[in-house]
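Chemist: This is the structure, below, for whatever I ask next.
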Amino acid sequence: MKNMNILKCFALAAVVLSTTVSCNKYLDVVPDDGVARIDMAFNLRSSAIRYLGTCYSYMPVDGNVIHDSAMLTGDELWDLVGRIVSNTNARVPNGYFQIARGFQSASNVRANDWADMYKGIRCCDILVENIDRVPDMTLQEKMQWKAEATFLKAYYHFHLVRKWGPVPIIRESLPIDSDMEAVRMYRDNIDDCFDYIISLLDQAMENLPVTVQSNDELGRITRPICAALKARVAVYAASPLFNGNEEESALVDDRGEQLFPSKTEEEKLERWRYAVTACEEAIAAAEQANFQLFDKSTIASSYRMCDSLLTDMTLRCAFNLRWNQELIWGNTQRDVNNYGSIQAFQQWTMPNMSEYSHSTGGYRFVGVPMKIVDQFYTNHGLPIENDLAWEGVNTQALRRVTAEYNYYLEEDYTTVAQNFDREPRFYAFLGFDGGKWLGQIANFNDLQPEDIPYINCRNGGEQGKSGGEVGPVTGYFAKKLYPYQCMFTAQNSFSTYWFPWPTMRLTDLYLLYAEAINEAEGPNGQHRDDLFACLDAIRSRAGIPDVRTAWDTYSNNPGYYNSQYGMRSIIHRERLIELCFESQRFWDIRRWKEAPQEYSKGIYGYTVTGASPEDYYVKNLVATQTFGLKDYFWPIYTSYLYKNPNLVQNLGW
């Protein structure tokens, strides 16, 4: 490797990890003769940090609809089918949405970043092997950069495993002059893959800083980030999709290697016990770095608001207020000028409720399926079907809004019963016909109900359907994805708010910890206090009763939380609600092996062409989805199989 002359990782990129809205800029390190060489990349710190940037540049671009493998690819957001002509298609590409529609194939693999991940792994290996040559760096800084590259190598392996299952492990990158047989690697079994990823994270952990040294470094890897990823990896390794999955037992290569090894129940349980410890350590690392749940105090110190609005803004800001105290790992790799960026997504899919309601933008062509709406709790912190107060209630009955709801719903507006008496996250995360939308206004102090805009998306309303490529799609919108600062400021001008995509929040860690505890020992084991504390802290911020109070006081099934099955459903639902639209549901319902039943529910919405409440509020089947065994994992591109016959294709492809 030391004699390698030509850089095989393409351009060398600079790390631009700032709190500003500027995008990453990649700088080539190329000498006058036009050939990039290792000795140029590591001759000085100033060029070496660009190579470190190369290692980071392969990170999946979370929150970008062009590159995020879990945003428009599943059943949580639904694009407007058929928008293939107008400029809205160019501004927010919908190629990944075709995965959600079932148009994935081994000959045309969508979201295929297999090769990019291995390029990133190779770049990380090159940095680790060569960073000691840089003369103007301290030993401590070299160790830190090695640790960052080692972490990224683990992360890229994890990304591959999450999508393809068992993959070839790259323990050491091969020299470029290796013979053909050496590079024709086999897939390693799933347990070896997870064990290797965890070993890399353990190796990186000790040389990572607890916090970054300056705001310019926000987004670089720290010890809490490393511990948090280890916790996530450990929980994934223990989850049913990966942990002794008998449905994948037929995935065997030509060596006879079973890529999903069979396990005893005790062996499966051991994975969960390990996950409990990993989550404990991750939460401790986060607390050491002063991470804490985002609460109302930050908003209350900035604005004069009633409690309902404070809660609404707090819940949204926990996700999209940049670098808030809950954000453990923010992905800064997103280019704000890219048509697939979250900023472009906001402009073209956000309902426009300003005076410029007919300006370019605001095509609102992505909707939230009804089953996602249904998963939110009532104001008692329970599923509708378990809340005694909702027994006998027709959730689709028309109901007129009275003054007691006027901070959430437009007074005197007619909507349906299911939009009343729901938990605060329902109103903070979802937009819908007759619902208030805190945002698109200049002043947030001393707001009265009439100051807050609302959505009228029935046919003929300001946000109603006005063309074949204009929404709404289902009648519900993912309000959570839109910071309150976003607004249309002129006829063709949209004010955006950049934020790093929350790859890991403290909330996520709490939920992973609760899940691991329940799976390892049930809800009444030695860690039961931690289990309930994690769930109840999240629920308290959301403005709903704690688990025990909710189920014992208001439900038709008191004590439901006392069984492992009952607690599992509570934890899963809490996770689907709290982390909705954060590119988590796609992976979670797969690792839980709950995707088939979720997909079978279909994509429903309201009849958005209706003008009157009676015509609009009729549930309508927008699309059907199927989910089979093959859909748990991506297919390996057939070209790769041809080049490397030692690879075996995933089942069903």
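How things are named: the first chain in the structure tokens is A, the next is B, and so on; residues count from 1 in each chain; ligands count from 1 in the order shown.
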Would you tabulate, counting only C-alpha atoms, all residues of region 341-364 of chain A that have an atom at most 10 Å from an atom of region 472-483 of chain A, showing the closest pair of atoms and their distance in Å to one decimal, sorted by chain then ascending number, as CSV?
Modeler:
```
residue,atom,partner,partner_atom,distance
A:Ile342,CA,A:Leu481,CA,8.0
A:Gln343,CA,A:Tyr482,CA,8.8
A:Phe345,CA,A:Leu481,CA,9.1
A:Gln346,CA,A:Tyr482,CA,6.3
A:Gln347,CA,A:Tyr482,CA,9.3
A:Thr349,CA,A:Phe477,CA,8.6
A:Met350,CA,A:Tyr482,CA,7.5
A:Pro351,CA,A:Phe477,CA,8.2
A:Tyr363,CA,A:Pro472,CA,8.2
A:Arg364,CA,A:Pro472,CA,5.8
```
Chemist: Go through region 111-280 of chain A and collect every residue that DSSP, computed from the backbone, puts in helix (DSSP H, G or I); the answer should be as a ChimeraX atom specification.
Modeler: /A:114-133,139-164,180-183,190-205,215-217,223-238,246-248,265-280
Chemist: Using CA of Phe426 (chain A) and CA of Asp387 (chain A) as the two end points, give the distance in Å to one decimal.
Modeler: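 Value for the CA of Phe426 (chain A)-CA of Asp387 (chain A) distance: 15.8 Å.
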Chemist: Smallest atom-to-atom distance to Tyr640 (chain A): which of A:Arg184, A:Lys263, A:Lys153, A:Lys268, using only C-alpha atoms?
Modeler: A:Arg184
Chemist: Residues at most 12 Å from Leu152 (chain A), counting only C-alpha atoms, excluding those fewer than 6 positions away in the same chain, as a ChimeraX atom specification?
Modeler: /A:52-60,117-125,127-128,145-146,158-159,197,200-201,203-205,220-222,225-226,229
Chemist: Which residue is closest to Pro166 (chain A)? Choose from A:Val416, A:Leu251, A:Ile544, A:Ile198 and count only C-alpha atoms.
Modeler: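 Once distances to Pro166 (chain A) are computed over only C-alpha atoms, the minimum belongs to A:Leu251.
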Chemist: Find the residues around region 564-580 of chain A up to 8 Å (only C-alpha atoms counted), leave out those fewer than 4 positions away in its own chain, and share them as a VMD selection string.
Modeler: chain A and resid 76 375 to 376 425 508 511 514 to 515 518 to 519 522 to 523 535 560 584 to 585
Chemist: Please, could you write that set of residues out with all heavy atoms as a compact mmCIF listing (two decimals), in the first residue's frame?
Modeler:
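Result went into again_30.txt, see below:
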```txt
# COMPACT_ATOMS: atom_id res chain seq x y z
N GLU A 76 -44.27 5.61 4.80
CA GLU A 76 -44.51 6.70 5.75
C GLU A 76 -44.85 8.01 5.06
O GLU A 76 -45.58 8.84 5.60
CB GLU A 76 -43.29 6.89 6.65
CG GLU A 76 -43.51 7.81 7.82
CD GLU A 76 -42.33 7.79 8.78
OE1 GLU A 76 -41.17 7.82 8.31
OE2 GLU A 76 -42.56 7.76 10.00
N GLN A 375 -51.68 6.08 13.92
CA GLN A 375 -50.80 5.55 14.95
C GLN A 375 -50.59 6.53 16.11
O GLN A 375 -50.18 6.12 17.20
CB GLN A 375 -49.45 5.15 14.37
CG GLN A 375 -48.50 6.30 14.09
CD GLN A 375 -47.23 5.88 13.35
OE1 GLN A 375 -47.08 4.72 12.96
NE2 GLN A 375 -46.32 6.81 13.18
N PHE A 376 -50.90 7.81 15.92
CA PHE A 376 -50.73 8.78 17.00
C PHE A 376 -51.74 8.52 18.11
O PHE A 376 -52.85 8.05 17.88
CB PHE A 376 -50.88 10.21 16.47
CG PHE A 376 -49.68 10.71 15.72
CD1 PHE A 376 -49.51 10.43 14.38
CD2 PHE A 376 -48.70 11.45 16.37
CE1 PHE A 376 -48.40 10.87 13.68
CE2 PHE A 376 -47.58 11.89 15.68
CZ PHE A 376 -47.43 11.60 14.33
N ARG A 425 -48.26 15.73 19.89
CA ARG A 425 -47.42 15.40 18.73
C ARG A 425 -48.25 15.28 17.46
O ARG A 425 -47.74 15.52 16.35
CB ARG A 425 -46.64 14.11 19.00
CG ARG A 425 -45.51 14.29 20.00
CD ARG A 425 -44.78 13.00 20.29
NE ARG A 425 -45.63 12.00 20.93
CZ ARG A 425 -45.17 10.90 21.54
NH1 ARG A 425 -43.86 10.66 21.58
NH2 ARG A 425 -46.00 10.04 22.10
N ASP A 508 -33.84 8.91 20.63
CA ASP A 508 -33.64 7.63 19.95
C ASP A 508 -32.93 6.65 20.88
O ASP A 508 -33.31 5.47 20.99
CB ASP A 508 -32.82 7.88 18.68
CG ASP A 508 -32.80 6.69 17.73
OD1 ASP A 508 -33.25 5.61 18.11
OD2 ASP A 508 -32.33 6.86 16.59
N LEU A 511 -35.23 5.24 23.53
CA LEU A 511 -36.15 4.24 22.99
C LEU A 511 -35.44 2.93 22.68
O LEU A 511 -35.99 1.85 22.88
CB LEU A 511 -36.86 4.79 21.75
CG LEU A 511 -37.85 5.93 22.04
CD1 LEU A 511 -38.24 6.64 20.76
CD2 LEU A 511 -39.08 5.40 22.77
N ALA A 514 -34.95 1.24 26.08
CA ALA A 514 -36.19 0.64 26.57
C ALA A 514 -36.50 -0.65 25.82
O ALA A 514 -36.90 -1.66 26.42
CB ALA A 514 -37.35 1.64 26.43
N GLU A 515 -36.31 -0.62 24.51
CA GLU A 515 -36.56 -1.82 23.70
C GLU A 515 -35.65 -2.97 24.10
O GLU A 515 -36.11 -4.11 24.26
CB GLU A 515 -36.37 -1.47 22.22
CG GLU A 515 -36.61 -2.63 21.28
CD GLU A 515 -36.37 -2.28 19.83
OE1 GLU A 515 -36.25 -1.07 19.50
OE2 GLU A 515 -36.29 -3.21 19.00
N ASN A 518 -36.68 -4.50 27.50
CA ASN A 518 -37.88 -5.34 27.43
C ASN A 518 -37.60 -6.67 26.76
O ASN A 518 -38.10 -7.72 27.19
CB ASN A 518 -38.99 -4.59 26.69
CG ASN A 518 -40.30 -5.36 26.71
OD1 ASN A 518 -40.84 -5.67 27.76
ND2 ASN A 518 -40.81 -5.68 25.53
N GLU A 519 -36.79 -6.66 25.69
CA GLU A 519 -36.51 -7.90 24.99
C GLU A 519 -35.57 -8.80 25.79
O GLU A 519 -35.66 -10.03 25.69
CB GLU A 519 -35.91 -7.60 23.61
CG GLU A 519 -36.83 -6.84 22.67
CD GLU A 519 -38.12 -7.58 22.38
OE1 GLU A 519 -38.13 -8.83 22.45
OE2 GLU A 519 -39.13 -6.91 22.08
N GLY A 522 -37.93 -8.45 29.86
CA GLY A 522 -39.32 -8.11 30.07
C GLY A 522 -39.47 -6.81 30.83
O GLY A 522 -38.48 -6.18 31.23
N PRO A 523 -40.71 -6.38 31.08
CA PRO A 523 -40.95 -5.07 31.70
C PRO A 523 -40.80 -5.05 33.22
O PRO A 523 -40.92 -3.98 33.83
CB PRO A 523 -42.40 -4.77 31.31
CG PRO A 523 -43.03 -6.13 31.21
CD PRO A 523 -41.97 -7.05 30.68
N LEU A 535 -39.21 5.88 28.75
CA LEU A 535 -40.47 6.12 28.06
C LEU A 535 -41.20 7.33 28.63
O LEU A 535 -41.72 8.17 27.88
CB LEU A 535 -41.36 4.88 28.15
CG LEU A 535 -40.88 3.62 27.44
CD1 LEU A 535 -41.85 2.48 27.67
CD2 LEU A 535 -40.71 3.87 25.95
N TYR A 560 -51.63 -3.45 30.74
CA TYR A 560 -51.14 -3.99 29.47
C TYR A 560 -49.62 -3.98 29.40
O TYR A 560 -49.00 -4.86 28.79
CB TYR A 560 -51.74 -3.16 28.33
CG TYR A 560 -51.40 -3.65 26.94
CD1 TYR A 560 -51.74 -4.93 26.51
CD2 TYR A 560 -50.78 -2.79 26.03
CE1 TYR A 560 -51.45 -5.35 25.22
CE2 TYR A 560 -50.48 -3.21 24.74
CZ TYR A 560 -50.81 -4.49 24.33
OH TYR A 560 -50.52 -4.90 23.05
N GLN A 584 -36.50 6.57 10.11
CA GLN A 584 -36.31 5.46 11.04
C GLN A 584 -37.34 4.35 10.84
O GLN A 584 -37.02 3.17 10.96
CB GLN A 584 -36.41 5.97 12.50
CG GLN A 584 -35.34 6.96 12.88
CD GLN A 584 -33.97 6.33 13.00
OE1 GLN A 584 -33.83 5.11 13.10
NE2 GLN A 584 -32.93 7.15 12.98
N ARG A 585 -38.59 4.73 10.54
CA ARG A 585 -39.64 3.72 10.41
C ARG A 585 -39.28 2.66 9.38
O ARG A 585 -39.51 1.47 9.60
CB ARG A 585 -40.96 4.40 10.02
CG ARG A 585 -42.10 3.40 9.72
CD ARG A 585 -43.34 4.09 9.19
NE ARG A 585 -44.33 3.14 8.70
CZ ARG A 585 -45.30 2.60 9.41
NH1 ARG A 585 -45.41 2.90 10.70
NH2 ARG A 585 -46.15 1.74 8.88
```
Chemist: What's around Arg541 (chain A) at 10 Å? Count only C-alpha atoms, leave out sequence neighbours fewer than 3 positions away in its own chain, and write the answer as a VMD selection string.
Modeler: chain A and resid 293 to 296 311 314 to 315 424 to 425 536 to 538 544 to 545
Chemist: Given only C-alpha atoms as the basis, pick out the residue of A:Val109, A:Val648, A:Val368, A:Asn443 nearest to Leu77 (chain A).
Modeler: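 Checking each candidate against Leu77 (chain A), we get A:Val368 as the closest.
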